[in-house]
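Listing of run.tsv, TSV, C-alpha atoms and all ligand atoms
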```tsv
chain	number	residue	atom	x	y	z
A	1	MET	CA	35.80	1.49	4.91
A	2	ILE	CA	32.27	2.32	3.72
A	3	LEU	CA	31.49	0.85	0.34
A	4	ASN	CA	28.92	2.73	-1.71
A	5	LYS	CA	25.89	0.74	-2.77
A	6	PRO	CA	25.10	0.56	-6.49
A	7	VAL	CA	22.75	3.31	-7.67
A	8	LEU	CA	19.26	2.37	-8.81
A	9	PHE	CA	16.88	4.70	-10.64
A	10	SER	CA	13.29	4.19	-11.72
A	11	ALA	CA	10.28	6.29	-12.65
A	12	VAL	CA	6.65	6.22	-13.67
A	13	GLN	CA	5.02	8.91	-15.74
A	14	PRO	CA	1.84	10.31	-14.12
A	15	SER	CA	-0.04	10.22	-17.39
A	16	GLY	CA	-3.10	8.36	-16.10
A	17	ASN	CA	-4.32	6.04	-13.39
A	18	LEU	CA	-1.66	3.50	-12.54
A	19	THR	CA	-2.29	-0.09	-13.59
A	20	ILE	CA	-1.48	-3.45	-12.11
A	21	GLY	CA	1.03	-3.68	-15.01
A	22	ASN	CA	2.99	-0.72	-13.62
A	23	TYR	CA	2.95	-2.33	-10.19
A	24	ILE	CA	3.94	-5.83	-11.29
A	25	GLY	CA	6.43	-4.70	-13.95
A	26	THR	CA	8.43	-2.49	-11.63
A	27	MET	CA	6.93	-0.89	-8.49
A	28	ARG	CA	6.50	-4.14	-6.55
A	29	HIS	CA	10.27	-4.53	-6.45
A	30	TRP	CA	11.07	-1.04	-5.23
A	31	SER	CA	10.66	-1.56	-1.52
A	32	SER	CA	13.04	-4.50	-1.17
A	33	MET	CA	15.53	-2.86	-3.53
A	34	GLN	CA	16.07	-0.11	-0.96
A	35	ASN	CA	18.13	-2.51	1.14
A	36	ASN	CA	20.70	-3.25	-1.54
A	37	TYR	CA	20.88	-0.08	-3.61
A	38	ASP	CA	20.97	3.69	-3.32
A	39	CYS	CA	17.54	4.26	-4.79
A	40	LEU	CA	16.07	7.25	-6.60
A	41	TYR	CA	12.38	7.04	-7.48
A	42	CYS	CA	11.23	9.80	-9.78
A	43	ILE	CA	7.78	10.95	-10.90
A	44	ALA	CA	8.32	11.69	-14.57
A	45	ASP	CA	5.90	14.58	-14.97
A	46	LEU	CA	7.77	16.09	-17.95
A	47	HIS	CA	7.36	12.79	-19.77
A	48	ALA	CA	3.65	12.89	-18.98
A	49	LEU	CA	3.40	16.21	-20.82
A	50	THR	CA	3.88	14.30	-24.07
A	51	SER	CA	0.39	12.89	-23.66
A	52	ILE	CA	-1.53	15.37	-21.49
A	53	LYS	CA	-2.74	18.65	-22.87
A	54	ASN	CA	-4.69	21.59	-21.44
A	55	ASN	CA	-5.29	19.73	-18.23
A	56	ILE	CA	-2.98	21.24	-15.66
A	57	PHE	CA	-5.27	20.44	-12.72
A	58	SER	CA	-5.42	16.80	-13.55
A	59	LEU	CA	-1.62	16.56	-13.93
A	60	ASN	CA	-1.28	18.15	-10.49
A	61	THR	CA	-3.56	15.49	-9.05
A	62	LEU	CA	-1.93	12.63	-10.93
A	63	ILE	CA	1.51	13.61	-9.63
A	64	LEU	CA	0.35	13.39	-6.02
A	65	ASP	CA	-1.60	10.19	-6.74
A	66	THR	CA	1.56	8.62	-8.14
A	67	LEU	CA	3.65	9.78	-5.20
A	68	SER	CA	1.11	8.24	-2.81
A	69	PHE	CA	1.37	4.94	-4.64
A	70	TYR	CA	5.18	5.00	-4.33
A	71	LEU	CA	4.76	5.28	-0.56
A	72	ALA	CA	1.99	2.67	-0.46
A	73	CYS	CA	4.33	0.28	-2.29
A	74	GLY	CA	6.79	0.64	0.58
A	75	VAL	CA	9.17	3.28	-0.74
A	76	ASP	CA	10.60	4.94	2.35
A	77	PRO	CA	11.67	8.62	2.04
A	78	ASN	CA	14.27	8.01	4.74
A	79	LYS	CA	15.94	5.35	2.64
A	80	SER	CA	15.33	6.54	-0.92
A	81	ILE	CA	15.17	9.82	-2.79
A	82	ILE	CA	11.64	10.41	-4.05
A	83	PHE	CA	11.26	13.41	-6.31
A	84	ILE	CA	9.34	15.05	-9.12
A	85	GLN	CA	11.27	15.32	-12.39
A	86	SER	CA	10.32	18.95	-13.17
A	87	HIS	CA	11.59	20.04	-9.73
A	88	VAL	CA	15.13	19.14	-10.72
A	89	HIS	CA	15.92	21.31	-13.73
A	90	GLN	CA	19.17	19.45	-14.39
A	91	HIS	CA	17.03	16.81	-16.15
A	92	SER	CA	15.95	19.30	-18.82
A	93	GLN	CA	19.46	20.67	-19.15
A	94	LEU	CA	21.07	17.29	-19.68
A	95	ASN	CA	18.20	16.35	-21.97
A	96	TRP	CA	19.23	19.06	-24.44
A	97	ILE	CA	22.89	18.13	-24.26
A	98	LEU	CA	22.12	14.47	-24.90
A	99	ASN	CA	19.92	15.46	-27.85
A	100	CYS	CA	23.14	16.70	-29.42
A	101	PHE	CA	24.66	13.22	-29.00
A	102	SER	CA	21.68	11.20	-30.20
A	103	GLU	CA	20.97	10.09	-33.72
A	104	PHE	CA	17.73	10.63	-35.55
A	105	SER	CA	17.92	7.13	-37.02
A	106	GLU	CA	18.28	5.42	-33.62
A	107	LEU	CA	15.24	7.27	-32.28
A	108	LEU	CA	13.26	6.22	-35.34
A	109	ARG	CA	13.91	2.60	-34.40
A	110	MET	CA	12.22	2.89	-30.99
A	111	THR	CA	9.31	0.44	-30.88
A	112	GLN	CA	7.35	2.51	-28.37
A	113	PHE	CA	7.53	5.55	-30.65
A	114	LYS	CA	6.42	3.49	-33.65
A	115	THR	CA	3.46	2.06	-31.69
A	116	LYS	CA	2.48	5.50	-30.40
A	117	ILE	CA	2.53	7.17	-33.80
A	118	HIS	CA	0.50	4.30	-35.19
A	119	GLU	CA	-2.13	4.81	-32.44
A	120	LYS	CA	-2.13	8.58	-33.01
A	121	LYS	CA	-2.39	8.26	-36.78
A	122	THR	CA	-5.34	5.92	-36.50
A	123	SER	CA	-7.09	8.27	-34.08
A	124	GLU	CA	-6.05	11.25	-36.25
A	125	LYS	CA	-4.30	12.97	-33.34
A	126	THR	CA	-1.26	15.15	-33.97
A	127	ILE	CA	2.19	13.82	-33.06
A	128	ASN	CA	4.36	16.14	-31.01
A	129	ALA	CA	8.15	16.27	-31.30
A	130	ALA	CA	8.55	15.41	-27.61
A	131	LEU	CA	7.13	11.97	-28.26
A	132	PHE	CA	10.07	11.37	-30.58
A	133	ASN	CA	12.62	12.76	-28.10
A	134	TYR	CA	11.02	11.02	-25.12
A	135	PRO	CA	13.80	8.37	-24.72
A	136	ILE	CA	16.49	11.07	-24.58
A	137	LEU	CA	14.86	12.65	-21.54
A	138	MET	CA	14.80	9.15	-20.04
A	139	ALA	CA	18.51	8.86	-20.75
A	140	ALA	CA	19.06	12.19	-18.98
A	141	ASP	CA	17.05	10.96	-15.95
A	142	ILE	CA	19.18	7.87	-15.66
A	143	LEU	CA	22.63	9.23	-16.53
A	144	LEU	CA	22.46	12.25	-14.20
A	145	TYR	CA	22.80	9.99	-11.16
A	146	GLN	CA	25.51	7.61	-12.44
A	147	THR	CA	22.89	4.90	-12.27
A	148	ASN	CA	23.95	1.26	-12.30
A	149	PHE	CA	20.53	-0.39	-12.46
A	150	VAL	CA	17.10	0.52	-13.81
A	151	PRO	CA	14.18	-1.76	-12.84
A	152	VAL	CA	11.57	-1.55	-15.61
A	153	GLY	CA	9.06	-3.58	-17.59
A	154	GLN	CA	9.91	-5.19	-20.94
A	155	ASP	CA	8.63	-2.21	-22.93
A	156	GLN	CA	11.42	0.01	-21.59
A	157	LYS	CA	14.33	-2.36	-22.34
A	158	GLN	CA	15.05	-0.73	-25.69
A	159	HIS	CA	15.13	2.74	-24.06
A	160	ILE	CA	17.75	1.57	-21.56
A	161	GLU	CA	19.84	0.14	-24.40
A	162	LEU	CA	19.58	3.48	-26.17
A	163	THR	CA	20.67	5.21	-22.94
A	164	ARG	CA	23.78	3.01	-22.85
A	165	ASN	CA	24.56	3.81	-26.47
A	166	ILE	CA	24.26	7.55	-25.90
A	167	ALA	CA	26.40	7.31	-22.75
A	168	GLN	CA	29.01	5.22	-24.51
A	169	ARG	CA	29.16	7.68	-27.42
A	170	PHE	CA	29.67	10.56	-24.99
A	171	ASN	CA	32.30	8.65	-23.00
A	172	ASN	CA	34.22	7.82	-26.18
A	173	LEU	CA	34.58	11.53	-26.84
A	174	TYR	CA	35.05	12.94	-23.34
A	175	GLY	CA	36.36	10.13	-21.11
A	176	SER	CA	34.50	8.13	-18.48
A	177	ILE	CA	31.76	10.59	-17.62
A	178	PHE	CA	28.73	8.35	-17.45
A	179	THR	CA	28.18	5.01	-15.76
A	180	LEU	CA	26.60	2.56	-18.21
A	181	PRO	CA	23.25	1.47	-16.74
A	182	GLU	CA	21.69	-1.98	-16.97
A	183	SER	CA	18.00	-2.75	-16.97
A	184	LEU	CA	16.58	-5.09	-14.32
A	185	ILE	CA	13.70	-7.03	-15.84
A	186	SER	CA	12.01	-9.97	-14.09
A	187	GLN	CA	11.37	-13.21	-15.88
A	188	TYR	CA	7.68	-13.13	-15.02
A	189	GLY	CA	5.45	-10.05	-14.87
A	190	SER	CA	7.59	-7.77	-17.00
A	191	LYS	CA	4.88	-7.52	-19.62
A	192	ILE	CA	1.36	-7.75	-18.24
A	193	MET	CA	-1.09	-7.97	-21.11
A	194	SER	CA	-4.53	-6.49	-21.77
A	195	LEU	CA	-7.37	-8.59	-20.44
A	196	LEU	CA	-9.42	-8.66	-23.63
A	197	GLU	CA	-6.48	-8.58	-26.03
A	198	PRO	CA	-3.77	-10.66	-24.35
A	199	LYS	CA	-1.32	-10.11	-27.20
A	200	LYS	CA	-1.27	-6.38	-26.43
A	201	LYS	CA	0.47	-4.77	-23.42
A	202	MET	CA	-1.78	-3.50	-20.63
A	203	SER	CA	-1.52	0.28	-20.69
A	204	LYS	CA	-2.84	3.17	-18.60
A	205	SER	CA	-3.71	4.99	-21.81
A	206	ASP	CA	-5.93	2.21	-23.17
A	207	ILE	CA	-9.29	3.61	-24.27
A	208	ASN	CA	-11.04	0.38	-23.29
A	209	TYR	CA	-11.12	0.23	-19.48
A	210	LYS	CA	-12.07	-3.46	-19.62
A	211	ASN	CA	-8.54	-4.21	-20.82
A	212	VAL	CA	-6.95	-2.78	-17.70
A	213	ILE	CA	-6.88	-3.45	-13.96
A	214	TYR	CA	-6.25	-0.10	-12.32
A	215	LEU	CA	-4.65	0.02	-8.88
A	216	LEU	CA	-7.71	1.98	-7.71
A	217	ASP	CA	-10.31	-0.43	-9.12
A	218	ASP	CA	-13.02	-1.51	-6.69
A	219	ILE	CA	-13.89	-5.12	-6.08
A	220	TYR	CA	-16.83	-5.08	-8.53
A	221	SER	CA	-14.69	-3.81	-11.40
A	222	ILE	CA	-11.98	-6.34	-10.63
A	223	LYS	CA	-14.53	-9.14	-10.63
A	224	PHE	CA	-16.17	-7.97	-13.84
A	225	LYS	CA	-12.92	-7.46	-15.73
A	226	ILE	CA	-11.22	-10.72	-14.74
A	227	LYS	CA	-14.42	-12.69	-15.30
A	228	ASN	CA	-14.50	-11.34	-18.85
A	229	ALA	CA	-10.78	-11.73	-19.50
A	230	VAL	CA	-10.08	-13.63	-22.71
A	231	THR	CA	-8.75	-17.16	-22.19
A	232	ASP	CA	-8.87	-19.83	-24.91
A	233	SER	CA	-11.05	-22.66	-26.14
A	234	GLU	CA	-8.79	-25.63	-25.44
A	235	ILE	CA	-10.90	-28.69	-24.62
A	236	PRO	CA	-10.64	-29.99	-21.98
A	237	SER	CA	-9.45	-26.73	-20.44
A	238	LYS	CA	-5.93	-26.98	-19.08
A	239	ILE	CA	-3.92	-24.40	-17.18
A	240	TYR	CA	-0.31	-24.11	-18.25
A	241	TYR	CA	2.15	-21.37	-19.07
A	242	ASP	CA	2.70	-20.70	-22.77
A	243	ILE	CA	2.69	-17.08	-23.89
A	244	ASP	CA	2.23	-17.92	-27.58
A	245	LYS	CA	-0.39	-20.65	-27.36
A	246	LYS	CA	-2.18	-19.50	-24.19
A	247	PRO	CA	-1.59	-15.74	-23.80
A	248	GLY	CA	-4.73	-15.10	-21.72
A	249	ILE	CA	-4.10	-17.88	-19.20
A	250	SER	CA	-0.37	-17.11	-19.02
A	251	ASN	CA	-1.16	-13.47	-18.30
A	252	LEU	CA	-3.54	-14.36	-15.46
A	253	LEU	CA	-0.89	-16.74	-14.09
A	254	GLU	CA	1.68	-13.93	-14.05
A	255	ILE	CA	-0.75	-11.62	-12.26
A	256	LEU	CA	-1.59	-14.33	-9.72
A	257	SER	CA	2.08	-15.10	-9.19
A	258	ALA	CA	2.84	-11.44	-8.42
A	259	VAL	CA	0.03	-10.93	-5.93
A	260	THR	CA	0.56	-14.26	-4.12
A	261	HIS	CA	4.40	-14.07	-4.23
A	262	LYS	CA	4.34	-17.65	-5.51
A	263	ASP	CA	6.42	-18.90	-8.37
A	264	VAL	CA	4.46	-19.74	-11.55
A	265	LYS	CA	5.77	-23.32	-11.38
A	266	ILE	CA	4.38	-23.77	-7.86
A	267	LEU	CA	1.05	-22.25	-8.88
A	268	LEU	CA	0.80	-24.65	-11.82
A	269	LYS	CA	1.12	-27.61	-9.46
A	270	GLU	CA	-1.58	-26.19	-7.20
A	271	LEU	CA	-3.88	-25.46	-10.14
A	272	ASP	CA	-3.61	-28.89	-11.69
A	273	GLY	CA	-7.08	-30.01	-12.86
A	274	VAL	CA	-8.75	-26.68	-12.01
A	275	MET	CA	-11.32	-25.35	-14.54
A	276	TYR	CA	-10.90	-21.88	-16.08
A	277	SER	CA	-13.94	-20.48	-14.23
A	278	GLU	CA	-12.55	-21.67	-10.89
A	279	PHE	CA	-9.09	-20.34	-11.79
A	280	LYS	CA	-10.57	-16.91	-12.52
A	281	LYS	CA	-12.34	-16.91	-9.14
A	282	ILE	CA	-9.01	-17.58	-7.45
A	283	VAL	CA	-7.35	-14.74	-9.40
A	284	ILE	CA	-10.26	-12.39	-8.55
A	285	ASP	CA	-9.98	-13.29	-4.88
A	286	TYR	CA	-6.23	-12.67	-4.59
A	287	VAL	CA	-6.16	-9.55	-6.76
A	288	SER	CA	-9.06	-8.03	-4.75
A	289	LYS	CA	-7.40	-8.76	-1.40
A	290	PHE	CA	-4.10	-7.39	-2.62
A	291	LEU	CA	-5.55	-4.20	-4.11
A	292	ASN	CA	-7.76	-3.62	-1.11
A	293	SER	CA	-4.78	-3.53	1.22
A	294	LEU	CA	-2.69	-1.42	-1.19
A	295	GLN	CA	-5.57	1.07	-1.54
A	296	LYS	CA	-5.94	1.44	2.24
A	297	SER	CA	-2.34	2.48	2.51
A	298	TYR	CA	-2.63	4.67	-0.62
A	299	TYR	CA	-5.62	6.63	0.74
A	300	ASN	CA	-3.86	7.11	4.02
A	301	TYR	CA	-0.97	8.92	2.27
A	302	ARG	CA	-3.15	10.62	-0.34
A	303	SER	CA	-5.20	12.37	2.36
A	304	ASN	CA	-2.10	14.12	3.70
A	305	GLU	CA	-1.05	16.53	0.95
A	306	SER	CA	1.29	18.59	3.10
A	307	TYR	CA	3.26	15.43	3.94
A	308	LEU	CA	3.43	14.50	0.24
A	309	LYS	CA	4.64	17.97	-0.70
A	310	LYS	CA	7.30	17.88	1.99
A	311	ILE	CA	8.62	14.55	0.71
A	312	ALA	CA	8.75	15.89	-2.85
A	313	TYR	CA	10.46	19.09	-1.70
A	314	ASP	CA	13.11	17.29	0.36
A	315	GLY	CA	13.62	14.74	-2.41
A	316	ALA	CA	14.19	17.46	-5.01
A	317	ILE	CA	16.89	19.07	-2.90
A	318	LYS	CA	18.71	15.76	-2.48
A	319	ALA	CA	18.36	14.94	-6.19
A	320	GLN	CA	19.62	18.40	-7.18
A	321	LEU	CA	22.74	17.99	-5.05
A	322	LYS	CA	23.61	14.75	-6.84
A	323	SER	CA	22.67	15.80	-10.35
A	324	LYS	CA	24.53	19.12	-10.11
A	325	LYS	CA	27.81	17.25	-9.75
A	326	THR	CA	27.33	15.29	-12.97
A	327	LEU	CA	26.11	18.33	-14.87
A	328	LYS	CA	29.05	20.47	-13.77
A	329	ASN	CA	31.45	17.83	-14.95
A	330	ILE	CA	29.70	17.71	-18.34
A	331	TYR	CA	29.64	21.50	-18.71
A	332	ASP	CA	33.38	21.58	-18.03
A	333	LYS	CA	34.09	18.86	-20.58
A	334	LEU	CA	31.97	20.54	-23.23
A	335	GLY	CA	33.54	23.93	-22.67
A	336	LEU	CA	30.33	25.56	-21.54
A	337	ILE	CA	32.16	28.26	-19.72
A	338	ARG	CA	30.81	29.73	-16.47
A	339	PHE	CA	32.06	32.82	-14.64
A	340	HIS	CA	31.45	32.03	-10.98
A	401	LIG	P1	5.29	4.30	-17.69
A	401	LIG	O1	4.57	5.17	-16.76
A	401	LIG	O2	4.73	4.05	-19.04
A	401	LIG	O3	5.58	2.90	-17.03
A	401	LIG	C1	6.13	2.81	-15.74
A	401	LIG	C2	6.76	1.44	-15.51
A	401	LIG	O4	5.76	0.43	-15.63
A	401	LIG	C3	6.19	-0.56	-16.56
A	401	LIG	N1	5.02	-1.08	-17.25
A	401	LIG	C4	4.70	-2.37	-17.31
A	401	LIG	N2	5.30	-3.46	-16.81
A	401	LIG	C5	4.70	-4.64	-17.04
A	401	LIG	N3	3.54	-4.78	-17.74
A	401	LIG	C6	2.91	-3.71	-18.25
A	401	LIG	N4	1.78	-3.86	-18.91
A	401	LIG	C7	3.49	-2.43	-18.04
A	401	LIG	N5	3.11	-1.18	-18.37
A	401	LIG	C8	4.08	-0.36	-17.89
A	401	LIG	C9	7.13	0.19	-17.50
A	401	LIG	O5	8.00	-0.71	-18.16
A	401	LIG	C10	7.84	1.11	-16.55
A	401	LIG	O6	8.89	0.43	-15.90
A	401	LIG	N6	9.15	6.16	-19.64
A	401	LIG	C11	8.99	5.41	-18.44
A	401	LIG	C12	9.07	6.33	-17.21
A	401	LIG	C13	10.44	6.86	-17.05
A	401	LIG	C14	11.59	6.09	-16.68
A	401	LIG	C15	12.67	7.02	-16.67
A	401	LIG	C16	11.75	4.75	-16.34
A	401	LIG	C17	10.86	8.16	-17.25
A	401	LIG	N7	12.19	8.23	-17.03
A	401	LIG	C18	13.96	6.58	-16.34
A	401	LIG	C19	13.05	4.34	-16.00
A	401	LIG	C20	14.12	5.24	-16.01
A	401	LIG	C21	7.70	4.63	-18.50
A	401	LIG	O7	7.62	3.66	-19.14
A	401	LIG	O8	6.68	5.06	-17.81
```
Write-out of the structure in structure tokens:
Amino acid sequence: MILNKPVLFSAVQPSGNLTIGNYIGTMRHWSSMQNNYDCLYCIADLHALTSIKNNIFSLNTLILDTLSFYLACGVDPNKSIIFIQSHVHQHSQLNWILNCFSEFSELLRMTQFKTKIHEKKTSEKTINAALFNYPILMAADILLYQTNFVPVGQDQKQHIELTRNIAQRFNNLYGSIFTLPESLISQYGSKIMSLLEPKKKMSKSDINYKNVIYLLDDIYSIKFKIKNAVTDSEIPSKIYYDIDKKPGISNLLEILSAVTHKDVKILLKELDGVMYSEFKKIVIDYVSKFLNSLQKSYYNYRSNESYLKKIAYDGAIKAQLKSKKTLKNIYDKLGLIRFH
């Protein structure tokens, strides 16, 4: 008897250069997850449209950049389905249907939406409706594949809860159509903070590049940014983990833990008595080594566009086959009659 593995789905939106937050929060886990789950890794280009305008060429590039990073992180197209969201039109179709089962008030409660409209209002940018509906497209991504688990960073937890609520609402009306997904969020590294403002999440859309370590940063930028990262003025300086009292140090500890694969508790023992300046040198050293090796692999894939396109093409076909089944079932339940 062959038992099916649980289904795992995750995605990144190619809305900018990927950050070490994206890597630590989710992508670093993807490779090993392939052994225990049936994995689908999606490039959420339709989501990226909520923030990119009039820049088709750059979106094209960012999609292939993101795909190359998936491969560099160890995602294997022979084990997992890697695909681009807009290549599988079932996502947009289910998105509309789920819109009809989502409540305005629950979308209004989404923290990410509230933060984004605050940023847009302060920069006097217009707010598009898709930004509001963004989590419903996420729900469609996840529910199309009967997903059991969704590895994400802290900021996406609320969206996964919303996905469960929408799925549950639908199931209550039409029977067990959707599997209820659960988020997988690590204890450490699920919310990497900005370097200069360690109470704010590190984000690829940050206008201040000094807040962010990008996966493509060179060694000089890494050095400069970590050297200038905000710590605290405790005298004598002491390294310990406390997000509220020592957000800057705790953030650097989480980054160091991810790139060394060492538990924070073990690191704290090793760092006993070390000064902040020395600690930062250690972080710079490990982050640089780690990114250097990731970048080598990234550039190797990125230089082979025909290979990337083939992976995306094959992935879309596999994803379509799976998502069609769910969509057909939903159409039947809803009475969306078809004549073939
Ligand atoms: P995106 O591109 O904003 O983020 C991609 C992933 O990176 C995580 N992340 C972080 N983790 C830790 N610290 C940070 N500073 C940090 N910044 C980002 C996010 O939590 C996320 O896991 N909307 C999703 C993309 C998406 C998706 C999906 C995810 C579209 N459909 C379906 C899961 C399932 C997003 O946050 O993209």
Min atom-atom distance to Glu254 of chain A from the set A:Ser221, A:Ser186, A:Ser237, A:Asn148, counting all atoms listed in the file, belongs to A:Ser186
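Proximity to Val230 of chain A was assessed for A:Thr260, A:Asn329, A:Ser277, A:Thr111 counting only C-alpha atoms; the smallest distance is recorded for A:Ser277.
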Could you list, with a cut-off of 9 Å and counting all atoms listed in the file, the residues of chain A near ligand LIG 401 (chain A), each shown with its nearest atom pair and the distance in Å rounded to one decimal, rows sorted by chain and ascending number, as JSON lines?
```
{"residue": "A:Phe9", "atom": "CA", "partner": "A:LIG401", "partner_atom": "C20", "distance": 6.1}
{"residue": "A:Ser10", "atom": "CA", "partner": "A:LIG401", "partner_atom": "C19", "distance": 4.3}
{"residue": "A:Ala11", "atom": "CA", "partner": "A:LIG401", "partner_atom": "C14", "distance": 4.2}
{"residue": "A:Val12", "atom": "CA", "partner": "A:LIG401", "partner_atom": "O1", "distance": 3.9}
{"residue": "A:Gln13", "atom": "CA", "partner": "A:LIG401", "partner_atom": "O1", "distance": 3.9}
{"residue": "A:Pro14", "atom": "CA", "partner": "A:LIG401", "partner_atom": "O1", "distance": 6.4}
{"residue": "A:Ser15", "atom": "CA", "partner": "A:LIG401", "partner_atom": "O1", "distance": 6.9}
{"residue": "A:Gly16", "atom": "CA", "partner": "A:LIG401", "partner_atom": "O1", "distance": 8.3}
{"residue": "A:Leu18", "atom": "CA", "partner": "A:LIG401", "partner_atom": "O1", "distance": 7.7}
{"residue": "A:Thr19", "atom": "CA", "partner": "A:LIG401", "partner_atom": "N5", "distance": 7.3}
{"residue": "A:Ile20", "atom": "CA", "partner": "A:LIG401", "partner_atom": "N4", "distance": 7.6}
{"residue": "A:Gly21", "atom": "CA", "partner": "A:LIG401", "partner_atom": "C6", "distance": 3.7}
{"residue": "A:Asn22", "atom": "CA", "partner": "A:LIG401", "partner_atom": "O4", "distance": 3.6}
{"residue": "A:Tyr23", "atom": "CA", "partner": "A:LIG401", "partner_atom": "O4", "distance": 6.7}
{"residue": "A:Ile24", "atom": "CA", "partner": "A:LIG401", "partner_atom": "C5", "distance": 5.9}
{"residue": "A:Gly25", "atom": "CA", "partner": "A:LIG401", "partner_atom": "N2", "distance": 3.3}
{"residue": "A:Thr26", "atom": "CA", "partner": "A:LIG401", "partner_atom": "O6", "distance": 5.2}
{"residue": "A:Met27", "atom": "CA", "partner": "A:LIG401", "partner_atom": "O4", "distance": 7.4}
{"residue": "A:Tyr41", "atom": "CA", "partner": "A:LIG401", "partner_atom": "C20", "distance": 8.9}
{"residue": "A:Cys42", "atom": "CA", "partner": "A:LIG401", "partner_atom": "N7", "distance": 7.5}
{"residue": "A:Ile43", "atom": "CA", "partner": "A:LIG401", "partner_atom": "C17", "distance": 7.6}
{"residue": "A:Ala44", "atom": "CA", "partner": "A:LIG401", "partner_atom": "C17", "distance": 5.1}
{"residue": "A:Asp45", "atom": "CA", "partner": "A:LIG401", "partner_atom": "C17", "distance": 8.4}
{"residue": "A:Leu46", "atom": "CA", "partner": "A:LIG401", "partner_atom": "C17", "distance": 8.5}
{"residue": "A:His47", "atom": "CA", "partner": "A:LIG401", "partner_atom": "C17", "distance": 6.3}
{"residue": "A:Ala48", "atom": "CA", "partner": "A:LIG401", "partner_atom": "O1", "distance": 8.1}
{"residue": "A:Gln85", "atom": "CA", "partner": "A:LIG401", "partner_atom": "N7", "distance": 8.5}
{"residue": "A:Tyr134", "atom": "CA", "partner": "A:LIG401", "partner_atom": "N6", "distance": 7.6}
{"residue": "A:Pro135", "atom": "CA", "partner": "A:LIG401", "partner_atom": "N6", "distance": 7.2}
{"residue": "A:Leu137", "atom": "CA", "partner": "A:LIG401", "partner_atom": "N7", "distance": 6.9}
{"residue": "A:Met138", "atom": "CA", "partner": "A:LIG401", "partner_atom": "N7", "distance": 4.1}
{"residue": "A:Ala139", "atom": "CA", "partner": "A:LIG401", "partner_atom": "C18", "distance": 6.7}
{"residue": "A:Ala140", "atom": "CA", "partner": "A:LIG401", "partner_atom": "C18", "distance": 8.0}
{"residue": "A:Asp141", "atom": "CA", "partner": "A:LIG401", "partner_atom": "C18", "distance": 5.4}
{"residue": "A:Ile142", "atom": "CA", "partner": "A:LIG401", "partner_atom": "C18", "distance": 5.4}
{"residue": "A:Val150", "atom": "CA", "partner": "A:LIG401", "partner_atom": "C19", "distance": 6.0}
{"residue": "A:Pro151", "atom": "CA", "partner": "A:LIG401", "partner_atom": "O6", "distance": 6.5}
{"residue": "A:Val152", "atom": "CA", "partner": "A:LIG401", "partner_atom": "O6", "distance": 3.3}
{"residue": "A:Gly153", "atom": "CA", "partner": "A:LIG401", "partner_atom": "O5", "distance": 3.1}
{"residue": "A:Gln154", "atom": "CA", "partner": "A:LIG401", "partner_atom": "O5", "distance": 5.6}
{"residue": "A:Asp155", "atom": "CA", "partner": "A:LIG401", "partner_atom": "O5", "distance": 5.0}
{"residue": "A:Gln156", "atom": "CA", "partner": "A:LIG401", "partner_atom": "O5", "distance": 4.9}
{"residue": "A:Lys157", "atom": "CA", "partner": "A:LIG401", "partner_atom": "O5", "distance": 7.8}
{"residue": "A:His159", "atom": "CA", "partner": "A:LIG401", "partner_atom": "N6", "distance": 8.2}
{"residue": "A:Ile160", "atom": "CA", "partner": "A:LIG401", "partner_atom": "C20", "distance": 7.6}
{"residue": "A:Ser183", "atom": "CA", "partner": "A:LIG401", "partner_atom": "C19", "distance": 8.7}
{"residue": "A:Ile185", "atom": "CA", "partner": "A:LIG401", "partner_atom": "O5", "distance": 8.8}
{"residue": "A:Gly189", "atom": "CA", "partner": "A:LIG401", "partner_atom": "C5", "distance": 5.9}
{"residue": "A:Ser190", "atom": "CA", "partner": "A:LIG401", "partner_atom": "C5", "distance": 4.3}
{"residue": "A:Lys191", "atom": "CA", "partner": "A:LIG401", "partner_atom": "N3", "distance": 3.6}
{"residue": "A:Ile192", "atom": "CA", "partner": "A:LIG401", "partner_atom": "N3", "distance": 3.7}
{"residue": "A:Met193", "atom": "CA", "partner": "A:LIG401", "partner_atom": "N4", "distance": 5.5}
{"residue": "A:Ser194", "atom": "CA", "partner": "A:LIG401", "partner_atom": "N4", "distance": 7.4}
{"residue": "A:Lys200", "atom": "CA", "partner": "A:LIG401", "partner_atom": "N4", "distance": 8.5}
{"residue": "A:Lys201", "atom": "CA", "partner": "A:LIG401", "partner_atom": "N4", "distance": 4.8}
{"residue": "A:Met202", "atom": "CA", "partner": "A:LIG401", "partner_atom": "N4", "distance": 4.0}
{"residue": "A:Ser203", "atom": "CA", "partner": "A:LIG401", "partner_atom": "N5", "distance": 5.4}
{"residue": "A:Lys204", "atom": "CA", "partner": "A:LIG401", "partner_atom": "N5", "distance": 7.4}
{"residue": "A:Ser205", "atom": "CA", "partner": "A:LIG401", "partner_atom": "O2", "distance": 8.9}
{"residue": "A:Val212", "atom": "CA", "partner": "A:LIG401", "partner_atom": "N4", "distance": 8.9}
```
Using all atoms listed in the file, find each residue of segment 214-273 of chain A with at least one atom at most 12 Å away from an atom of segment 296-314 of chain A; report its shortest atom-to-atom pair and that distance in Å (one decimal), sort the rows by chain and rising residue number, and return the result as a Markdown table.
```
| residue | atom | partner | partner_atom | distance |
| --- | --- | --- | --- | --- |
| A:Leu215 | CA | A:Tyr298 | CA | 9.7 |
| A:Leu216 | CA | A:Tyr298 | CA | 9.1 |
| A:Asp218 | CA | A:Lys296 | CA | 11.8 |
```
**Prompt:** Ile222 of chain A: which residues within 12 Å, counting all atoms listed in the file, same-chain residues fewer than 5 positions away excluded, as a VMD selection string?
**Reply:** chain A and resid 19 to 20 195 209 to 217 227 to 229 280 to 281 283 to 292
